[in-house]
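Novice: This is protein-v8.tsv (TSV, C-alpha atoms).
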```tsv
chain	number	residue	atom	x	y	z
A	98	MET	CA	-72.31	146.47	29.79
A	99	VAL	CA	-70.39	143.55	28.37
A	100	GLU	CA	-70.91	141.33	31.36
A	101	PHE	CA	-74.63	141.99	31.55
A	102	ARG	CA	-75.09	141.44	27.84
A	103	ARG	CA	-73.17	138.21	27.87
A	104	VAL	CA	-75.08	136.84	30.82
A	105	ILE	CA	-78.41	137.95	29.46
A	106	VAL	CA	-77.89	136.68	25.94
A	107	HIS	CA	-76.79	133.37	27.37
A	108	ARG	CA	-79.78	133.18	29.68
A	109	SER	CA	-82.24	134.57	27.17
A	110	VAL	CA	-81.44	131.86	24.70
A	111	GLN	CA	-80.91	128.88	26.95
A	112	HIS	CA	-82.83	129.50	30.12
A	113	ASN	CA	-85.80	131.58	29.16
A	114	GLU	CA	-88.36	128.92	29.87
A	115	THR	CA	-86.77	127.91	33.16
A	116	LEU	CA	-86.70	131.54	34.21
A	117	ASP	CA	-90.33	132.01	33.12
A	118	ARG	CA	-91.43	129.02	35.14
A	119	THR	CA	-89.25	129.81	38.16
A	120	PHE	CA	-90.43	133.40	38.52
A	121	SER	CA	-93.99	132.26	37.85
A	122	ALA	CA	-93.70	129.55	40.53
A	123	LEU	CA	-92.50	132.17	43.03
A	124	SER	CA	-95.26	134.66	42.16
A	125	ASP	CA	-97.87	132.75	44.17
A	126	PRO	CA	-98.03	133.39	47.94
A	127	THR	CA	-99.23	129.85	48.70
A	128	ARG	CA	-96.29	128.34	46.85
A	129	ARG	CA	-93.84	130.62	48.68
A	130	SER	CA	-95.47	129.61	51.97
A	131	ILE	CA	-95.10	125.93	51.07
A	132	LEU	CA	-91.38	126.52	50.44
A	133	GLU	CA	-91.05	128.39	53.73
A	134	ARG	CA	-92.74	125.47	55.52
A	135	LEU	CA	-90.48	122.90	53.81
A	136	ALA	CA	-87.41	124.93	54.77
A	137	ARG	CA	-88.25	123.82	58.34
A	138	GLY	CA	-88.35	120.15	57.32
A	139	PRO	CA	-90.12	117.64	55.06
A	140	ALA	CA	-93.91	117.36	55.11
A	141	THR	CA	-96.54	115.17	53.49
A	142	ILE	CA	-99.17	116.54	51.13
A	143	GLY	CA	-101.70	116.14	53.96
A	144	GLU	CA	-99.51	118.03	56.44
A	145	LEU	CA	-99.16	120.88	53.96
A	146	ALA	CA	-102.90	121.01	53.25
A	147	GLU	CA	-104.06	121.57	56.86
A	148	PRO	CA	-102.29	124.79	57.86
A	149	PHE	CA	-102.95	126.43	54.50
A	150	GLY	CA	-106.63	125.43	54.44
A	151	LEU	CA	-106.11	123.78	51.07
A	152	THR	CA	-107.56	120.60	49.62
A	153	LEU	CA	-105.19	117.73	48.91
A	154	ASN	CA	-105.66	118.40	45.19
A	155	GLY	CA	-104.91	122.08	45.73
A	156	VAL	CA	-101.61	121.22	47.44
A	157	LYS	CA	-100.77	118.63	44.78
A	158	LYS	CA	-101.24	121.24	42.06
A	159	HIS	CA	-98.97	123.78	43.76
A	160	VAL	CA	-96.38	121.12	44.63
A	161	GLY	CA	-96.45	119.90	41.02
A	162	ILE	CA	-95.59	123.39	39.80
A	163	LEU	CA	-92.75	123.63	42.34
A	164	GLU	CA	-91.50	120.20	41.22
A	165	THR	CA	-91.21	121.25	37.57
A	166	VAL	CA	-88.59	123.85	38.54
A	167	ASP	CA	-86.79	121.60	41.06
A	168	LEU	CA	-87.82	123.69	44.05
A	169	VAL	CA	-89.51	120.65	45.59
A	170	ILE	CA	-88.96	116.92	45.30
A	171	THR	CA	-91.48	114.33	46.42
A	172	ALA	CA	-91.27	110.64	47.28
A	173	LYS	CA	-93.85	108.07	48.22
A	174	VAL	CA	-93.49	107.08	51.89
A	175	GLY	CA	-95.99	104.37	52.78
A	176	ARG	CA	-99.38	105.69	51.69
A	177	ALA	CA	-98.32	109.33	51.89
A	178	ARG	CA	-96.30	111.51	49.54
A	179	GLU	CA	-93.51	113.34	51.31
A	180	CYS	CA	-92.29	116.70	50.04
A	181	ARG	CA	-88.96	118.32	50.73
A	182	LEU	CA	-86.90	121.17	49.27
A	183	GLY	CA	-85.44	120.33	45.87
A	184	PRO	CA	-81.92	120.85	44.61
A	185	THR	CA	-82.29	124.30	43.07
A	186	GLN	CA	-80.93	127.27	44.93
A	187	LEU	CA	-82.55	129.52	42.33
A	188	GLU	CA	-79.25	130.08	40.53
A	189	ASP	CA	-80.98	131.15	37.29
A	190	ALA	CA	-83.28	133.60	39.02
A	191	THR	CA	-80.52	135.16	41.13
A	192	GLY	CA	-78.22	135.20	38.09
A	193	TRP	CA	-80.70	137.25	36.13
A	194	ILE	CA	-81.48	139.58	39.05
A	195	ASP	CA	-77.77	140.06	39.88
A	196	ALA	CA	-77.01	140.98	36.25
A	197	TYR	CA	-79.93	143.39	36.32
A	198	ARG	CA	-78.71	145.02	39.54
A	199	ARG	CA	-75.17	145.37	38.18
A	200	ALA	CA	-76.51	147.04	35.04
A	201	TRP	CA	-78.72	149.29	37.16
A	202	GLU	CA	-75.77	150.32	39.34
A	203	ARG	CA	-73.53	150.81	36.33
A	204	ARG	CA	-76.05	153.19	34.82
A	205	LEU	CA	-75.93	155.22	38.02
A	206	ASP	CA	-72.11	155.09	37.96
A	207	ARG	CA	-72.03	156.23	34.35
A	208	PHE	CA	-74.35	159.12	35.11
A	209	GLY	CA	-72.07	160.08	38.01
A	210	ALA	CA	-68.97	159.89	35.82
A	211	TYR	CA	-70.64	162.05	33.18
A	212	VAL	CA	-71.55	164.69	35.73
A	213	GLU	CA	-68.06	164.73	37.24
A	214	GLU	CA	-66.01	164.48	34.05
A	215	PRO	CA	-67.92	165.92	31.10
A	216	ARG	CA	-66.08	165.50	27.80
B	282	MET	CA	-84.24	129.18	61.34
B	283	VAL	CA	-84.88	132.34	63.36
B	284	GLU	CA	-83.51	134.69	60.75
B	285	PHE	CA	-85.43	133.09	57.91
B	286	ARG	CA	-88.67	133.07	59.90
B	287	ARG	CA	-88.33	136.68	60.90
B	288	VAL	CA	-87.65	137.84	57.36
B	289	ILE	CA	-90.40	135.70	55.92
B	290	VAL	CA	-93.06	136.62	58.44
B	291	HIS	CA	-92.24	140.27	57.91
B	292	ARG	CA	-92.39	139.90	54.15
B	293	SER	CA	-95.37	137.57	54.13
B	294	VAL	CA	-97.49	140.06	55.99
B	295	GLN	CA	-96.33	143.32	54.52
B	296	HIS	CA	-94.93	142.60	51.11
B	297	ASN	CA	-96.82	139.63	49.79
B	298	GLU	CA	-98.59	141.51	47.06
B	299	THR	CA	-95.46	143.34	45.96
B	300	LEU	CA	-93.60	140.02	45.80
B	301	ASP	CA	-96.47	138.43	43.86
B	302	ARG	CA	-96.46	141.23	41.34
B	303	THR	CA	-92.66	141.49	41.11
B	304	PHE	CA	-92.10	137.77	40.45
B	305	SER	CA	-95.07	137.78	38.08
B	306	ALA	CA	-93.64	140.80	36.21
B	307	LEU	CA	-90.30	138.97	35.81
B	308	SER	CA	-91.93	135.71	34.64
B	309	ASP	CA	-92.53	137.06	31.13
B	310	PRO	CA	-89.62	136.92	28.64
B	311	THR	CA	-90.74	140.05	26.79
B	312	ARG	CA	-90.80	142.05	30.00
B	313	ARG	CA	-87.32	140.80	30.94
B	314	SER	CA	-86.12	141.76	27.44
B	315	ILE	CA	-87.59	145.24	27.83
B	316	LEU	CA	-85.67	145.62	31.11
B	317	GLU	CA	-82.47	144.37	29.45
B	318	ARG	CA	-82.97	146.93	26.66
B	319	LEU	CA	-83.61	149.77	29.13
B	320	ALA	CA	-80.48	148.83	31.05
B	321	ARG	CA	-78.62	150.12	27.98
B	322	GLY	CA	-80.48	153.45	28.10
B	323	PRO	CA	-83.93	155.04	27.90
B	324	ALA	CA	-86.26	154.27	25.00
B	325	THR	CA	-89.66	155.40	23.80
B	326	ILE	CA	-92.62	153.06	23.54
B	327	GLY	CA	-92.12	153.10	19.76
B	328	GLU	CA	-88.43	152.24	20.03
B	329	LEU	CA	-89.28	149.30	22.27
B	330	ALA	CA	-92.02	148.04	19.94
B	331	GLU	CA	-89.86	147.68	16.82
B	332	PRO	CA	-87.14	145.22	17.89
B	333	PHE	CA	-89.60	143.04	19.78
B	334	GLY	CA	-92.13	142.96	16.94
B	335	LEU	CA	-94.81	144.23	19.30
B	336	THR	CA	-97.66	146.66	18.75
B	337	LEU	CA	-97.55	149.95	20.64
B	338	ASN	CA	-100.43	148.70	22.78
B	339	GLY	CA	-98.55	145.47	23.47
B	340	VAL	CA	-95.54	147.42	24.72
B	341	LYS	CA	-97.74	149.78	26.75
B	342	LYS	CA	-99.34	146.81	28.48
B	343	HIS	CA	-95.99	145.25	29.42
B	344	VAL	CA	-94.52	148.61	30.44
B	345	GLY	CA	-97.61	149.27	32.57
B	346	ILE	CA	-97.03	146.03	34.47
B	347	LEU	CA	-93.35	146.92	34.97
B	348	GLU	CA	-94.40	150.39	36.19
B	349	THR	CA	-96.66	148.99	38.92
B	350	VAL	CA	-93.64	147.37	40.59
B	351	ASP	CA	-91.31	150.36	40.01
B	352	LEU	CA	-89.09	148.47	37.55
B	353	VAL	CA	-89.80	151.08	34.89
B	354	ILE	CA	-90.74	154.75	35.03
B	355	THR	CA	-92.14	156.67	32.08
B	356	ALA	CA	-92.41	160.36	31.21
B	357	LYS	CA	-93.96	162.22	28.32
B	358	VAL	CA	-91.28	163.74	26.08
B	359	GLY	CA	-92.87	165.75	23.30
B	360	ARG	CA	-95.35	163.41	21.64
B	361	ALA	CA	-93.55	160.26	22.76
B	362	ARG	CA	-93.50	158.43	26.09
B	363	GLU	CA	-89.97	157.71	27.26
B	364	CYS	CA	-89.27	154.66	29.42
B	365	ARG	CA	-86.29	154.13	31.70
B	366	LEU	CA	-85.34	151.81	34.54
B	367	GLY	CA	-87.24	152.58	37.73
B	368	PRO	CA	-85.91	152.89	41.26
B	369	THR	CA	-86.33	149.30	42.43
B	370	GLN	CA	-83.30	147.10	42.62
B	371	LEU	CA	-85.59	144.17	43.38
B	372	GLU	CA	-84.80	144.32	47.09
B	373	ASP	CA	-87.97	142.41	48.04
B	374	ALA	CA	-87.37	139.65	45.51
B	375	THR	CA	-83.70	139.21	46.40
B	376	GLY	CA	-84.58	139.43	50.10
B	377	TRP	CA	-86.97	136.52	49.79
B	378	ILE	CA	-84.60	134.47	47.62
B	379	ASP	CA	-81.62	135.17	49.92
B	380	ALA	CA	-83.63	134.02	52.96
B	381	TYR	CA	-84.66	130.92	51.04
B	382	ARG	CA	-81.05	130.14	50.11
B	383	ARG	CA	-79.84	130.62	53.67
B	384	ALA	CA	-82.54	128.24	54.93
B	385	TRP	CA	-81.64	125.76	52.18
B	386	GLU	CA	-77.95	125.91	53.11
B	387	ARG	CA	-78.74	125.67	56.80
B	388	ARG	CA	-80.72	122.50	56.21
B	389	LEU	CA	-77.67	121.03	54.49
B	390	ASP	CA	-75.48	122.21	57.39
B	391	ARG	CA	-77.85	120.66	59.90
B	392	PHE	CA	-77.87	117.40	58.02
B	393	GLY	CA	-74.06	117.49	57.97
B	394	ALA	CA	-73.90	118.17	61.73
B	395	TYR	CA	-76.30	115.29	62.37
B	396	VAL	CA	-74.20	112.91	60.30
B	397	GLU	CA	-70.96	114.01	61.96
B	398	GLU	CA	-72.23	114.30	65.53
B	399	PRO	CA	-75.18	112.01	66.14
B	400	ARG	CA	-76.77	112.45	69.58
```
Taking this structure as input, can you express it in the form of structure tokens?

Specialist:
Amino acid sequence: MVEFRRVIVHRSVQHNETLDRTFSALSDPTRRSILERLARGPATIGELAEPFGLTLNGVKKHVGILETVDLVITAKVGRARECRLGPTQLEDATGWIDAYRRAWERRLDRFGAYVEEPR
Amino acid sequence: MVEFRRVIVHRSVQHNETLDRTFSALSDPTRRSILERLARGPATIGELAEPFGLTLNGVKKHVGILETVDLVITAKVGRARECRLGPTQLEDATGWIDAYRRAWERRLDRFGAYVEEPR
């Protein structure tokens, strides 16, 4: 469990808030849909609003949340604000989940080892 | 983008609510800490309450949320309720994130191809 503990302690102390905000950002279906749309190319706030049936302010709010965790970056282009995928590849989120999965698998392994080689 | 679209459409339609609830469950630091604790072995509600400085009802509430997404399972053992890691290995969450990362990387690839081989 050393690896899991090390990773988790590290992340718990330093990245808790980032993890909170990242998982929270991903928990909304509209925000995930915006990311899926931007994975096909940049779009303005107005272009995002139409297909999702959202108001401009609704899109701005969701985009703002995605910006705080670097999932989206925006830039003013003429009178519009263009959105595109940000720099994060969700390293923190996948780091936590990977550590969790390793611990989960290790628990299964340990149970198997106990069954096969009781001491 | 075919692969990403296929995965996302599939997940958007069928697994949206599970994804919402899974990411939401992971967005709370106490719930992640409970999972980290259970990765080291089963614990009763009371044993989880102490180190986190939570009330029994506080733990029950968090554990209930983790139960709805199969991250934790509980069983009555005598007068206590024992919690352990549930069956999910977060397949839906990692599936979505992996598709996102592939799309993100593909956009970089495409940009690279465009720079190297302009048409």

Novice: Using all atoms listed in the file for the distances, tell me which of A:Glu179, A:Asp117, A:Asp195, A:Asp189 is nearest to chain B.

Specialist: A:Asp117

Novice: Which residues of chain B come within 6 Å of chain A, and for each one, what is the closest pair of atoms and their distance in Å to one decimal, counting only C-alpha atoms, sorted by chain and residue number, as a tab-separated table?

Specialist:
```
residue	atom	partner	partner_atom	distance
B:Asp301	CA	A:Ser124	CA	4.3
B:Phe304	CA	A:Ser124	CA	4.8
B:Ser305	CA	A:Ser124	CA	5.1
B:Ser308	CA	A:Asp117	CA	4.3
B:Asp309	CA	A:Asp117	CA	5.9
B:Ala320	CA	A:Ala200	CA	5.9
B:Gln370	CA	A:Arg198	CA	5.9
B:Arg382	CA	A:Gln186	CA	5.9
B:Ala384	CA	A:Ala136	CA	5.9
```

Novice: Counting all atoms listed in the file, which of B:Gly376, B:Gly339, B:Thr325, B:Ala330 gets nearest to Thr355 of chain B?

Specialist: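 Ranked by minimum distance to Thr355 of chain B, first place goes to B:Thr325.
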
Novice: Counting only C-alpha atoms, figure out which residue out of B:Arg362, B:His343, B:Asp351, B:Lys357 gets nearest to Ala324 of chain B.

Specialist: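 Among the listed residues, the smallest separation from Ala324 of chain B belongs to B:Arg362.
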
Novice: Quick one: distance from atom CA of Arg128 of chain A to atom CA of Gly143 of chain A in Å, one decimal?

Specialist: 15.1 Å

Novice: Please indicate the distance in Å from atom CA of Val166 of chain A to atom CA of Arg181 of chain A, rounded to one decimal place.

Specialist: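 Pair atom CA of Val166 of chain A / atom CA of Arg181 of chain A returns 13.4 Å.
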
Novice: Between atom CA of Glu348 of chain B and atom CA of Thr165 of chain A, measure the distance and give it in Å to one decimal.

Specialist: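 So the answer is 29.3 Å.
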